[in-house]
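Asker: File follows, my_file23.cif with mmCIF, C-alpha atoms and all ligand atoms:
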data_work
loop_
_atom_site.label_atom_id
_atom_site.label_comp_id
_atom_site.auth_asym_id
_atom_site.auth_seq_id
_atom_site.Cartn_x
_atom_site.Cartn_y
_atom_site.Cartn_z
CA MET A 1 87.27 -21.37 170.18
CA TYR A 2 86.88 -25.15 170.41
CA PRO A 3 85.98 -26.82 167.05
CA ILE A 4 82.25 -27.46 166.87
CA GLN A 5 80.77 -30.74 165.58
CA GLU A 6 77.51 -29.75 163.91
CA ILE A 7 75.45 -32.81 163.03
CA LYS A 8 72.66 -30.84 161.38
CA PRO A 9 71.85 -27.14 161.35
CA SER A 10 71.35 -26.03 164.97
CA PHE A 11 72.09 -29.55 166.27
CA PHE A 12 75.53 -30.03 167.83
CA TYR A 13 77.50 -32.88 169.35
CA VAL A 14 79.16 -31.78 172.59
CA GLY A 15 80.08 -35.16 174.06
CA VAL A 16 83.57 -36.38 174.97
CA ASN A 17 85.76 -39.46 174.55
CA ASP A 18 87.25 -41.23 177.55
CA ARG A 19 90.38 -43.13 176.51
CA ASN A 20 91.82 -43.26 180.02
CA LYS A 21 89.34 -45.23 182.06
CA HIS A 22 90.27 -48.90 182.36
CA LEU A 23 87.02 -50.25 183.72
CA PHE A 24 83.53 -48.97 182.99
CA GLU A 25 81.52 -49.00 186.25
CA ASN A 26 84.85 -50.18 187.69
CA LEU A 27 83.94 -53.57 186.27
CA TRP A 28 84.09 -53.79 182.48
CA PRO A 29 87.32 -53.33 180.45
CA LEU A 30 87.44 -50.56 177.86
CA PRO A 31 90.13 -51.54 175.33
CA TYR A 32 88.82 -48.98 172.84
CA GLY A 33 87.68 -46.37 175.38
CA VAL A 34 84.13 -45.08 175.64
CA SER A 35 82.29 -41.89 174.74
CA TYR A 36 79.88 -39.93 176.91
CA ASN A 37 77.52 -38.34 174.41
CA SER A 38 75.77 -35.05 174.94
CA TYR A 39 73.97 -32.89 172.39
CA LEU A 40 72.83 -29.32 172.04
CA LEU A 41 69.66 -28.26 170.20
CA CYS A 42 69.71 -24.52 169.46
CA ASP A 43 66.25 -23.37 168.45
CA GLN A 44 64.26 -20.42 169.84
CA LYS A 45 64.98 -22.20 173.08
CA VAL A 46 68.22 -24.08 173.70
CA ALA A 47 68.18 -27.60 175.11
CA LEU A 48 71.21 -29.52 176.35
CA ILE A 49 70.67 -33.26 176.09
CA ASP A 50 72.31 -35.12 179.00
CA THR A 51 75.78 -34.28 180.36
CA VAL A 52 79.10 -36.15 180.66
CA ASP A 53 81.32 -37.72 183.29
CA ILE A 54 82.54 -35.04 185.72
CA ALA A 55 86.19 -35.85 184.86
CA PHE A 56 85.68 -34.03 181.53
CA ILE A 57 83.92 -30.91 182.77
CA ASP A 58 86.47 -28.37 181.50
CA LEU A 59 86.50 -29.71 177.96
CA TYR A 60 82.73 -30.18 178.04
CA LEU A 61 82.10 -26.56 179.00
CA GLN A 62 84.44 -25.38 176.23
CA LYS A 63 82.53 -27.38 173.65
CA ILE A 64 79.18 -26.10 174.86
CA GLU A 65 80.40 -22.48 174.83
CA ALA A 66 81.65 -22.90 171.27
CA ALA A 67 78.31 -24.26 170.08
CA LEU A 68 76.23 -21.68 171.93
CA GLN A 69 78.02 -18.70 170.39
CA GLY A 70 77.03 -16.41 173.22
CA ARG A 71 73.56 -17.80 173.90
CA SER A 72 72.51 -19.43 177.15
CA ILE A 73 70.81 -22.76 177.81
CA ASP A 74 67.12 -22.96 178.68
CA TYR A 75 66.70 -26.67 179.38
CA LEU A 76 68.82 -29.59 180.48
CA VAL A 77 66.98 -32.74 179.43
CA ILE A 78 68.06 -35.77 181.44
CA HIS A 79 67.38 -39.17 179.96
CA HIS A 80 69.42 -41.18 182.45
CA MET A 81 70.90 -40.44 185.86
CA GLU A 82 73.84 -42.85 185.98
CA PRO A 83 76.79 -40.56 186.80
CA ASP A 84 78.60 -41.17 183.49
CA HIS A 85 75.84 -38.93 182.08
CA SER A 86 74.58 -36.96 185.04
CA GLY A 87 77.98 -36.21 186.60
CA SER A 88 78.18 -32.61 185.37
CA ILE A 89 74.68 -31.43 186.30
CA ARG A 90 75.80 -29.31 189.23
CA GLN A 91 78.49 -27.52 187.19
CA ILE A 92 76.11 -26.91 184.27
CA ARG A 93 73.64 -25.32 186.65
CA GLN A 94 76.36 -23.13 188.14
CA ARG A 95 77.45 -21.96 184.68
CA TYR A 96 73.87 -21.47 183.39
CA PRO A 97 71.91 -20.47 186.51
CA ASN A 98 68.57 -20.01 184.71
CA ILE A 99 68.57 -23.50 183.25
CA GLN A 100 65.57 -25.72 183.97
CA ILE A 101 66.13 -29.41 184.51
CA VAL A 102 63.71 -31.64 182.60
CA GLY A 103 63.09 -35.20 183.77
CA ASN A 104 60.40 -37.59 184.90
CA ALA A 105 59.41 -38.08 188.53
CA ARG A 106 62.07 -40.78 189.12
CA THR A 107 64.72 -38.62 187.46
CA LEU A 108 63.95 -35.63 189.62
CA GLU A 109 64.01 -37.79 192.74
CA MET A 110 67.56 -38.84 191.78
CA VAL A 111 68.58 -35.27 190.92
CA ALA A 112 67.57 -34.37 194.48
CA GLY A 113 69.34 -37.41 195.91
CA PHE A 114 72.62 -37.03 194.02
CA PHE A 115 72.87 -33.23 193.89
CA SER A 116 70.36 -31.82 196.43
CA ILE A 117 68.74 -29.89 193.57
CA THR A 118 65.00 -29.49 193.91
CA ASP A 119 64.20 -26.17 192.20
CA GLN A 120 64.02 -25.09 188.55
CA THR A 121 62.85 -28.51 187.51
CA ILE A 122 60.16 -29.56 185.04
CA GLU A 123 58.57 -32.97 185.51
CA VAL A 124 57.43 -34.73 182.36
CA LYS A 125 55.27 -37.80 181.89
CA ASP A 126 55.07 -40.31 179.07
CA GLY A 127 53.92 -38.58 175.89
CA ASP A 128 54.45 -35.01 177.18
CA THR A 129 56.07 -32.55 174.82
CA LEU A 130 58.49 -29.66 175.17
CA SER A 131 58.55 -26.98 172.47
CA LEU A 132 61.88 -25.46 171.57
CA GLY A 133 60.46 -23.35 168.71
CA ALA A 134 60.47 -25.18 165.39
CA ARG A 135 61.58 -28.32 167.19
CA GLU A 136 59.49 -30.18 169.73
CA LEU A 137 60.64 -33.02 171.97
CA THR A 138 58.20 -35.80 172.86
CA PHE A 139 59.13 -37.82 175.93
CA LEU A 140 58.88 -41.60 175.99
CA LEU A 141 59.33 -43.24 179.38
CA THR A 142 61.38 -46.42 179.03
CA PRO A 143 62.00 -47.60 182.60
CA MET A 144 64.79 -50.15 183.27
CA VAL A 145 66.64 -49.53 180.04
CA HIS A 146 68.99 -49.37 182.13
CA TRP A 147 67.73 -47.72 185.36
CA PRO A 148 64.16 -47.07 186.54
CA GLU A 149 64.19 -43.41 185.49
CA THR A 150 65.49 -43.98 181.95
CA MET A 151 63.53 -42.25 179.23
CA MET A 152 63.97 -41.21 175.61
CA SER A 153 62.86 -38.19 173.66
CA LEU A 154 62.01 -37.76 170.02
CA ASP A 155 62.45 -34.66 167.92
CA SER A 156 59.73 -35.62 165.47
CA GLN A 157 60.49 -32.78 163.08
CA GLU A 158 63.67 -34.53 162.00
CA GLY A 159 63.11 -38.00 163.47
CA ILE A 160 65.99 -37.69 165.93
CA LEU A 161 65.68 -40.09 168.85
CA PHE A 162 67.68 -39.39 172.00
CA SER A 163 67.76 -42.90 173.39
CA GLY A 164 69.82 -42.80 176.59
CA ASP A 165 71.89 -45.97 177.03
CA ALA A 166 69.76 -47.90 174.54
CA PHE A 167 71.61 -48.69 171.29
CA GLY A 168 74.83 -47.63 173.00
CA CYS A 169 78.22 -49.11 172.36
CA PHE A 170 81.61 -49.27 174.07
CA GLY A 171 84.43 -47.62 172.13
CA ALA A 172 85.41 -43.97 171.79
CA ASN A 173 84.28 -42.13 168.65
CA ASP A 174 87.35 -42.01 166.43
CA GLY A 175 86.79 -38.75 164.61
CA ALA A 176 83.37 -39.17 163.04
CA ILE A 177 80.26 -39.23 165.22
CA LEU A 178 77.89 -40.46 162.50
CA ASP A 179 78.04 -44.20 161.78
CA THR A 180 78.76 -43.70 158.08
CA HIS A 181 82.41 -44.74 158.16
CA LEU A 182 82.33 -47.53 160.75
CA THR A 183 83.51 -51.04 160.10
CA ASP A 184 82.11 -54.05 161.94
CA GLU A 185 85.47 -54.98 163.39
CA ILE A 186 85.15 -53.01 166.59
CA TRP A 187 81.65 -51.66 166.99
CA TYR A 188 79.68 -54.86 166.50
CA PRO A 189 81.47 -56.95 169.19
CA GLU A 190 81.66 -53.90 171.45
CA MET A 191 77.92 -53.30 171.09
CA LEU A 192 77.28 -56.93 171.98
CA ARG A 193 79.57 -56.62 174.98
CA TYR A 194 77.94 -53.37 176.07
CA TYR A 195 74.46 -54.85 175.76
CA SER A 196 75.20 -58.17 177.44
CA ASN A 197 77.09 -56.68 180.37
CA ILE A 198 75.26 -53.41 181.02
CA VAL A 199 71.71 -53.84 179.72
CA GLY A 200 71.54 -57.62 179.43
CA LYS A 201 69.46 -58.15 182.58
CA PHE A 202 66.65 -55.99 181.22
CA GLY A 203 65.45 -57.90 178.16
CA SER A 204 61.78 -57.45 178.90
CA PRO A 205 61.95 -53.65 179.48
CA VAL A 206 64.00 -53.35 176.26
CA GLN A 207 61.26 -55.20 174.42
CA GLN A 208 58.65 -52.83 175.87
CA ALA A 209 60.74 -49.86 174.75
CA LEU A 210 61.11 -51.29 171.24
CA ARG A 211 57.34 -51.71 171.02
CA LYS A 212 56.93 -48.07 172.02
CA LEU A 213 59.37 -46.97 169.31
CA LYS A 214 57.92 -49.20 166.61
CA ASP A 215 55.68 -46.67 164.88
CA GLN A 216 57.73 -43.56 165.56
CA PRO A 217 59.26 -41.69 162.62
CA ILE A 218 62.92 -42.29 163.54
CA SER A 219 65.70 -41.41 161.10
CA MET A 220 68.59 -41.05 163.53
CA ILE A 221 69.37 -42.55 166.95
CA CYS A 222 71.55 -40.54 169.32
CA SER A 223 72.58 -42.74 172.21
CA THR A 224 74.61 -41.73 175.25
CA HIS A 225 77.53 -43.97 174.15
CA GLY A 226 79.08 -44.58 170.75
CA PRO A 227 78.18 -43.42 167.25
CA ILE A 228 75.00 -41.77 166.06
CA TRP A 229 73.11 -44.42 164.15
CA GLN A 230 71.82 -43.34 160.79
CA THR A 231 72.93 -45.62 157.97
CA GLN A 232 73.03 -48.69 160.28
CA LEU A 233 69.89 -47.75 162.16
CA SER A 234 67.74 -50.74 161.21
CA ARG A 235 70.58 -53.18 161.89
CA VAL A 236 71.18 -51.73 165.35
CA VAL A 237 67.48 -51.91 166.25
CA SER A 238 67.38 -55.47 165.03
CA ILE A 239 70.45 -56.39 167.15
CA TYR A 240 68.71 -54.98 170.23
CA ASP A 241 65.53 -56.82 169.37
CA GLN A 242 67.36 -60.13 168.99
CA LEU A 243 69.49 -59.73 172.12
CA SER A 244 66.61 -58.64 174.34
CA ARG A 245 64.68 -61.75 173.26
CA TYR A 246 67.80 -63.78 174.17
CA GLN A 247 67.79 -65.10 170.62
CA ALA A 248 71.16 -66.46 169.57
CA GLU A 249 73.09 -67.51 166.51
CA PRO A 250 74.28 -71.04 165.79
CA GLY A 251 77.58 -71.49 167.59
CA VAL A 252 78.99 -72.73 170.88
CA VAL A 253 80.82 -71.09 173.75
CA ILE A 254 83.02 -73.38 175.81
CA ALA A 255 83.89 -71.69 179.11
CA TYR A 256 86.18 -73.66 181.34
CA GLY A 257 88.41 -73.33 184.37
CA SER A 258 91.39 -75.58 184.93
CA MET A 259 94.12 -75.68 187.57
CA TYR A 260 96.45 -78.31 186.15
CA GLY A 261 95.13 -78.97 182.65
CA HIS A 262 92.79 -81.96 183.04
CA THR A 263 89.55 -80.02 182.60
CA GLU A 264 91.25 -78.03 179.85
CA GLN A 265 92.09 -81.25 178.03
CA LEU A 266 88.36 -82.09 177.92
CA ALA A 267 87.58 -78.56 176.68
CA GLU A 268 89.94 -79.06 173.74
CA ILE A 269 88.43 -82.44 172.91
CA ILE A 270 84.94 -80.95 172.95
CA ALA A 271 85.97 -78.00 170.77
CA SER A 272 87.60 -80.14 168.08
CA THR A 273 84.74 -82.65 168.11
CA LEU A 274 82.19 -79.86 167.63
CA ALA A 275 84.20 -78.49 164.70
CA ASP A 276 84.59 -81.97 163.19
CA ASN A 277 80.82 -82.38 163.41
CA GLY A 278 79.85 -79.25 161.51
CA VAL A 279 79.72 -76.48 164.12
CA ASP A 280 81.37 -73.56 162.35
CA ARG A 281 81.56 -71.16 165.25
CA VAL A 282 83.17 -72.49 168.42
CA VAL A 283 84.61 -70.02 170.94
CA VAL A 284 86.75 -71.36 173.79
CA HIS A 285 87.31 -69.20 176.87
CA ASN A 286 89.60 -69.96 179.79
CA VAL A 287 87.80 -68.18 182.65
CA SER A 288 91.10 -67.53 184.40
CA THR A 289 92.55 -65.53 181.52
CA THR A 290 89.52 -64.00 179.76
CA HIS A 291 87.55 -61.23 181.40
CA PRO A 292 83.96 -62.38 181.99
CA SER A 293 82.59 -59.46 179.95
CA TYR A 294 83.88 -61.15 176.77
CA ILE A 295 82.51 -64.53 177.81
CA LEU A 296 79.09 -63.02 178.55
CA ARG A 297 79.13 -61.30 175.17
CA ASP A 298 79.63 -64.62 173.43
CA ILE A 299 77.04 -66.37 175.61
CA PHE A 300 74.50 -63.76 174.50
CA ARG A 301 75.58 -64.30 170.93
CA TYR A 302 75.63 -68.09 170.64
CA GLN A 303 73.03 -70.74 171.23
CA GLY A 304 75.26 -73.39 172.77
CA LEU A 305 77.00 -73.14 176.12
CA ILE A 306 79.31 -75.83 177.47
CA VAL A 307 80.84 -75.21 180.89
CA GLY A 308 83.80 -77.03 182.40
CA SER A 309 84.77 -76.81 186.05
CA PRO A 310 87.06 -78.61 188.44
CA THR A 311 85.70 -79.35 191.90
CA TYR A 312 87.32 -76.88 194.27
CA ASN A 313 86.78 -76.92 198.05
CA ASN A 314 83.75 -79.11 197.42
CA GLN A 315 82.29 -76.39 195.19
CA LEU A 316 82.55 -75.16 191.63
CA TYR A 317 85.82 -73.53 190.65
CA PRO A 318 85.37 -69.91 191.88
CA PRO A 319 85.60 -68.06 188.53
CA ILE A 320 83.09 -70.54 187.06
CA ALA A 321 80.71 -69.98 189.99
CA SER A 322 81.03 -66.26 189.42
CA LEU A 323 80.35 -66.62 185.69
CA LEU A 324 77.25 -68.73 186.32
CA ASP A 325 76.01 -66.08 188.71
CA LYS A 326 76.40 -63.43 186.01
CA ILE A 327 74.54 -65.57 183.49
CA GLU A 328 71.69 -66.20 185.93
CA SER A 329 71.40 -62.57 187.00
CA ARG A 330 70.99 -61.56 183.35
CA GLY A 331 68.14 -64.01 182.86
CA VAL A 332 69.76 -65.73 179.87
CA LYS A 333 67.23 -68.12 178.32
CA ASP A 334 66.96 -70.99 175.88
CA ARG A 335 70.49 -72.27 175.65
CA LEU A 336 71.63 -75.75 174.75
CA PHE A 337 73.91 -76.75 177.61
CA GLY A 338 76.73 -79.17 178.26
CA ALA A 339 78.87 -79.78 181.34
CA PHE A 340 82.21 -81.35 182.10
CA GLY A 341 84.92 -81.19 184.71
CA SER A 342 87.35 -83.06 186.88
CA TYR A 343 88.11 -83.80 190.50
CA THR A 344 90.68 -85.65 192.56
CA TRP A 345 88.80 -87.27 195.44
CA ALA A 346 85.20 -85.94 195.59
CA GLY A 347 83.32 -84.93 192.44
CA VAL A 348 80.83 -82.10 192.94
CA ALA A 349 81.19 -79.84 189.88
CA GLY A 350 79.16 -82.01 187.50
CA LYS A 351 76.15 -82.07 189.85
CA ARG A 352 76.38 -78.31 190.41
CA LEU A 353 76.48 -77.61 186.69
CA LYS A 354 73.45 -79.80 186.11
CA ALA A 355 71.60 -77.99 188.90
CA PHE A 356 72.46 -74.69 187.21
CA ALA A 357 71.10 -75.92 183.87
CA ASP A 358 67.91 -77.16 185.53
CA LYS A 359 67.39 -73.86 187.36
CA LEU A 360 67.66 -71.85 184.16
CA ALA A 361 65.69 -74.42 182.16
CA PHE A 362 68.60 -74.93 179.79
CA GLU A 363 68.42 -78.14 177.81
CA GLN A 364 71.42 -80.23 178.87
CA VAL A 365 72.90 -82.64 176.34
CA GLY A 366 73.83 -85.93 178.04
CA ASP A 367 75.08 -86.20 181.59
CA SER A 368 77.75 -83.99 183.11
CA ILE A 369 81.15 -85.51 182.55
CA ASP A 370 83.20 -85.61 185.74
CA SER A 371 86.69 -87.02 185.30
CA LYS A 372 88.36 -88.49 188.40
CA GLN A 373 91.98 -87.27 188.16
CA ALA A 374 93.40 -87.56 184.64
CA PRO A 375 90.87 -88.37 181.87
CA THR A 376 90.70 -92.11 181.16
CA ALA A 377 89.98 -93.62 177.75
CA GLN A 378 86.39 -94.13 178.91
CA ILE A 379 86.03 -90.47 179.94
CA ILE A 380 87.47 -89.33 176.62
CA ARG A 381 84.97 -91.52 174.76
CA GLU A 382 82.10 -90.08 176.82
CA THR A 383 83.38 -86.56 176.14
CA VAL A 384 83.53 -87.13 172.40
CA ASP A 385 80.04 -88.69 172.46
CA MET A 386 78.63 -85.74 174.37
CA ALA A 387 80.21 -83.21 171.98
CA ARG A 388 78.98 -85.16 168.94
CA SER A 389 75.43 -85.26 170.32
CA PHE A 390 75.71 -81.57 171.16
CA ALA A 391 76.66 -80.73 167.58
CA GLN A 392 73.80 -82.82 166.21
CA GLN A 393 71.23 -81.20 168.48
CA LEU A 394 72.53 -77.71 167.79
CA LEU A 395 72.48 -78.17 164.02
CA PHE A 396 69.07 -79.85 164.20
CA LYS A 397 67.69 -76.67 165.80
CA GLN A 398 68.74 -74.49 162.86
CA PRO A 399 66.21 -73.53 160.21
CA LYS A 400 66.77 -75.63 157.09
FE1 LIG B 501 75.89 -45.02 180.38
FE2 LIG B 501 73.56 -46.58 182.42
O1 LIG B 501 74.85 -45.30 181.91
#
Represent the structure from my file as structure tokens, please.
Ligand code: FEO

Answerer:
Amino acid sequence: MYPIQEIKPSFFYVGVNDRNKHLFENLWPLPYGVSYNSYLLCDQKVALIDTVDIAFIDLYLQKIEAALQGRSIDYLVIHHMEPDHSGSIRQIRQRYPNIQIVGNARTLEMVAGFFSITDQTIEVKDGDTLSLGARELTFLLTPMVHWPETMMSLDSQEGILFSGDAFGCFGANDGAILDTHLTDEIWYPEMLRYYSNIVGKFGSPVQQALRKLKDQPISMICSTHGPIWQTQLSRVVSIYDQLSRYQAEPGVVIAYGSMYGHTEQLAEIIASTLADNGVDRVVVHNVSTTHPSYILRDIFRYQGLIVGSPTYNNQLYPPIASLLDKIESRGVKDRLFGAFGSYTWAGVAGKRLKAFADKLAFEQVGDSIDSKQAPTAQIIRETVDMARSFAQQLLFKQPK
């Protein structure tokens, strides 16, 4: 019999850790793995909450069998249809043929589209309830946190919120599922990276969801990824609130590309000038060696963004262009911006960076610095002046 993780009486964790996948969505690195969380509520009726990636079906079924102790499952409640959570629906239905699939109209449309399943389904609307006996689930539709069908459900008897991707975190669960024993070292930056890369585009829907949750009696948040939030619950909600408003901390990200070191030289000058002028948190990223998911994380975190690009084929340097596209598509707002770069015979990067700042209504400090070939004494002076002004404006914005 597989060991059972019982979170509370009649409430089991049946999710799995994935320590093998390199890229989440084939895009985002997973240095600490990821968990696909699924839960089982065993009352008069039994409800399975979401499923897991199909790669783990054998282990998943063993865990469910162990928790069920001979019972069957009445309901499969689906909060989100992305295949990291919905991947095992067909196999669950085969194993438990009387199961009824519970989802909203958009969910059931996707269940039909992904799995050609159209029978034994129960459609729920916002505020509907499902009685399991002593427990009752209330459904809260939270579209676009992360897909249009995403919803949450609340077991109000114990204040357990099943939140789908919301409040999720990269990183496998190392032993404990509850957040009690976590340190900040891994989960905090991995939550920021998860939010900024996966959910970051949907700040406004996240705000709507948070408003919906505001007066609910929540004592525990069970997301589809990462730990169950109990002791850190208010901190996690506050992180989501801050990130979805695009509010940032004092600090500066310098993201630069450089082929032969001239743009990089300016990046180093800017970084040291910021530090010399009182900016405590300066993060420098070479876009050719750092995966963009880490750069995006820091851009969501910090108020200042300074981008450096060579001119390449009369365009921005390709990894910089790609990064700017990611920033724009996530609707990042209210950043203090700076721009620098270099070229050999035709300078274009500076103008492109300014156009980017204008488009996103970022406040640019000074003009873009565009160094022709190696930086001259004049260019170095202008770079130092820009960085000094940047530091002053950034620090001026902070509450006294
Ligand atoms: Fe973890 Fe949007 O799926």

Asker: Show me the residues close to (85.1, -63.7, 186.8) - anything with an atom within 7 Å, counting all atoms listed in the file - and format the list as a list of chain:residue names.

Answerer: A:Val287, A:His291, A:Pro292, A:Pro319, A:Ser322, A:Leu323

Asker: Could you tell me which of A:Thr129, A:Ser38, A:Thr118, A:Asn173 comes closest to ligand LIG 501 (chain B) if we count only C-alpha atoms and all ligand atoms?

Answerer: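 Selected residue with least distance to ligand LIG 501 (chain B): A:Ser38.
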
Asker: I'd like the contact shell of Leu233 (chain A) - 9 Å cut-off, only C-alpha atoms, skipping same-chain residues fewer than 4 positions apart - returned as a PyMOL selection string.

Answerer: chain A and resi 179+218-221+228-229+237-238

Asker: Using all atoms listed in the file, which of A:His79, A:Pro375, A:Leu316, A:Arg335 sits nearest Lys351 (chain A)?

Answerer: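 Using all atoms listed in the file, Lys351 (chain A) sits closest to A:Leu316.
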
Asker: Find the residues near ligand LIG 501 (chain B). Use a cut-off of 12 Å, count only C-alpha atoms and all ligand atoms, and write them as a ChimeraX atom specification.

Answerer: /A:24-25,34-38,50-53,78-87,143-151,163-170,194-195,197-200,202,223-226

Asker: Do a neighbour search on Ser368 (chain A) at 9 Å with all atoms listed in the file, toss out local chain neighbours closer than 6 positions, and write the hits as number ranges by chain.

Answerer: A: 338-341, 349-351, 353-354, 386

Asker: Residues at most 8 Å from Ile99 (chain A), counting all atoms listed in the file, excluding those fewer than 3 positions away in the same chain, as a PDB file with C-alpha atoms, in the frame of the given file?

Answerer:
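Printed below is selection_27.pdb as written:
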ATOM      1  CA  ILE A  73      70.810 -22.760 177.810  1.00  0.00           C
ATOM      2  CA  ASP A  74      67.120 -22.960 178.680  1.00  0.00           C
ATOM      3  CA  TYR A  75      66.700 -26.670 179.380  1.00  0.00           C
ATOM      4  CA  LEU A  76      68.820 -29.590 180.480  1.00  0.00           C
ATOM      5  CA  ARG A  93      73.640 -25.320 186.650  1.00  0.00           C
ATOM      6  CA  TYR A  96      73.870 -21.470 183.390  1.00  0.00           C
ATOM      7  CA  GLN A 120      64.020 -25.090 188.550  1.00  0.00           C
TER       8      GLN A 120
END

Asker: Compare A:Phe362, A:Val283, A:Val46, A:Ser258 by their minimum atom-to-atom distance to Gly133 (chain A), counting all atoms listed in the file, and give me the closest one.

Answerer: A:Val46

Asker: From the set A:Asn313, A:Ser329, A:Thr376, A:Ser389, which residue has the shortest atom-to-atom contact distance to Leu360 (chain A), counting all atoms listed in the file?

Answerer: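 Result for the nearest residue to Leu360 (chain A): A:Ser329.
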
Asker: What does the distance between CA of Ala275 (chain A) and CA of Val253 (chain A) come to in Å, to one decimal place?

Answerer: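 Separation between CA of Ala275 (chain A) and CA of Val253 (chain A): 12.2 Å.
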
Asker: Give me, please, the distance in Å between CA of Asp215 (chain A) and CA of Ala176 (chain A), quoted to one decimal.

Answerer: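 Interatomic distance, CA of Asp215 (chain A) to CA of Ala176 (chain A): 28.7 Å.
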
Asker: Pull N, CA and C atoms for region 155-168 of chain A from the block and write them as a PDB file, in the first residue's frame.

Answerer:
ATOM      1  N   ASP A 155     -14.122  24.869   0.419  1.00  0.00           N
ATOM      2  CA  ASP A 155     -14.771  24.030   1.421  1.00  0.00           C
ATOM      3  C   ASP A 155     -14.930  24.918   2.649  1.00  0.00           C
ATOM      4  N   SER A 156     -16.121  25.513   2.791  1.00  0.00           N
ATOM      5  CA  SER A 156     -16.250  26.552   3.821  1.00  0.00           C
ATOM      6  C   SER A 156     -16.276  25.967   5.225  1.00  0.00           C
ATOM      7  N   GLN A 157     -16.542  24.673   5.352  1.00  0.00           N
ATOM      8  CA  GLN A 157     -16.527  24.078   6.682  1.00  0.00           C
ATOM      9  C   GLN A 157     -15.154  24.245   7.335  1.00  0.00           C
ATOM     10  N   GLU A 158     -14.112  24.053   6.562  1.00  0.00           N
ATOM     11  CA  GLU A 158     -12.763  24.152   7.123  1.00  0.00           C
ATOM     12  C   GLU A 158     -11.953  25.291   6.512  1.00  0.00           C
ATOM     13  N   GLY A 159     -12.565  26.060   5.631  1.00  0.00           N
ATOM     14  CA  GLY A 159     -11.859  27.188   5.019  1.00  0.00           C
ATOM     15  C   GLY A 159     -10.758  26.766   4.064  1.00  0.00           C
ATOM     16  N   ILE A 160     -10.968  25.625   3.392  1.00  0.00           N
ATOM     17  CA  ILE A 160      -9.937  25.146   2.451  1.00  0.00           C
ATOM     18  C   ILE A 160     -10.281  25.667   1.061  1.00  0.00           C
ATOM     19  N   LEU A 161      -9.363  26.428   0.487  1.00  0.00           N
ATOM     20  CA  LEU A 161      -9.564  26.949  -0.866  1.00  0.00           C
ATOM     21  C   LEU A 161      -8.740  26.126  -1.852  1.00  0.00           C
ATOM     22  N   PHE A 162      -9.401  25.562  -2.846  1.00  0.00           N
ATOM     23  CA  PHE A 162      -8.704  24.909  -3.955  1.00  0.00           C
ATOM     24  C   PHE A 162      -8.592  25.956  -5.054  1.00  0.00           C
ATOM     25  N   SER A 163      -7.371  26.414  -5.299  1.00  0.00           N
ATOM     26  CA  SER A 163      -7.208  27.669  -6.043  1.00  0.00           C
ATOM     27  C   SER A 163      -6.717  27.498  -7.473  1.00  0.00           C
ATOM     28  N   GLY A 164      -6.576  26.265  -7.957  1.00  0.00           N
ATOM     29  CA  GLY A 164      -6.017  26.111  -9.302  1.00  0.00           C
ATOM     30  C   GLY A 164      -4.582  26.631  -9.322  1.00  0.00           C
ATOM     31  N   ASP A 165      -4.183  27.232 -10.432  1.00  0.00           N
ATOM     32  CA  ASP A 165      -2.806  27.732 -10.550  1.00  0.00           C
ATOM     33  C   ASP A 165      -2.502  28.886  -9.585  1.00  0.00           C
ATOM     34  N   ALA A 166      -3.545  29.603  -9.174  1.00  0.00           N
ATOM     35  CA  ALA A 166      -3.307  30.794  -8.349  1.00  0.00           C
ATOM     36  C   ALA A 166      -2.575  30.409  -7.073  1.00  0.00           C
ATOM     37  N   PHE A 167      -1.625  31.218  -6.681  1.00  0.00           N
ATOM     38  CA  PHE A 167      -0.779  31.012  -5.489  1.00  0.00           C
ATOM     39  C   PHE A 167       0.154  29.814  -5.656  1.00  0.00           C
ATOM     40  N   GLY A 168       0.330  29.389  -6.905  1.00  0.00           N
ATOM     41  CA  GLY A 168       1.213  28.261  -7.197  1.00  0.00           C
ATOM     42  C   GLY A 168       2.669  28.693  -7.227  1.00  0.00           C
TER      43      GLY A 168
END
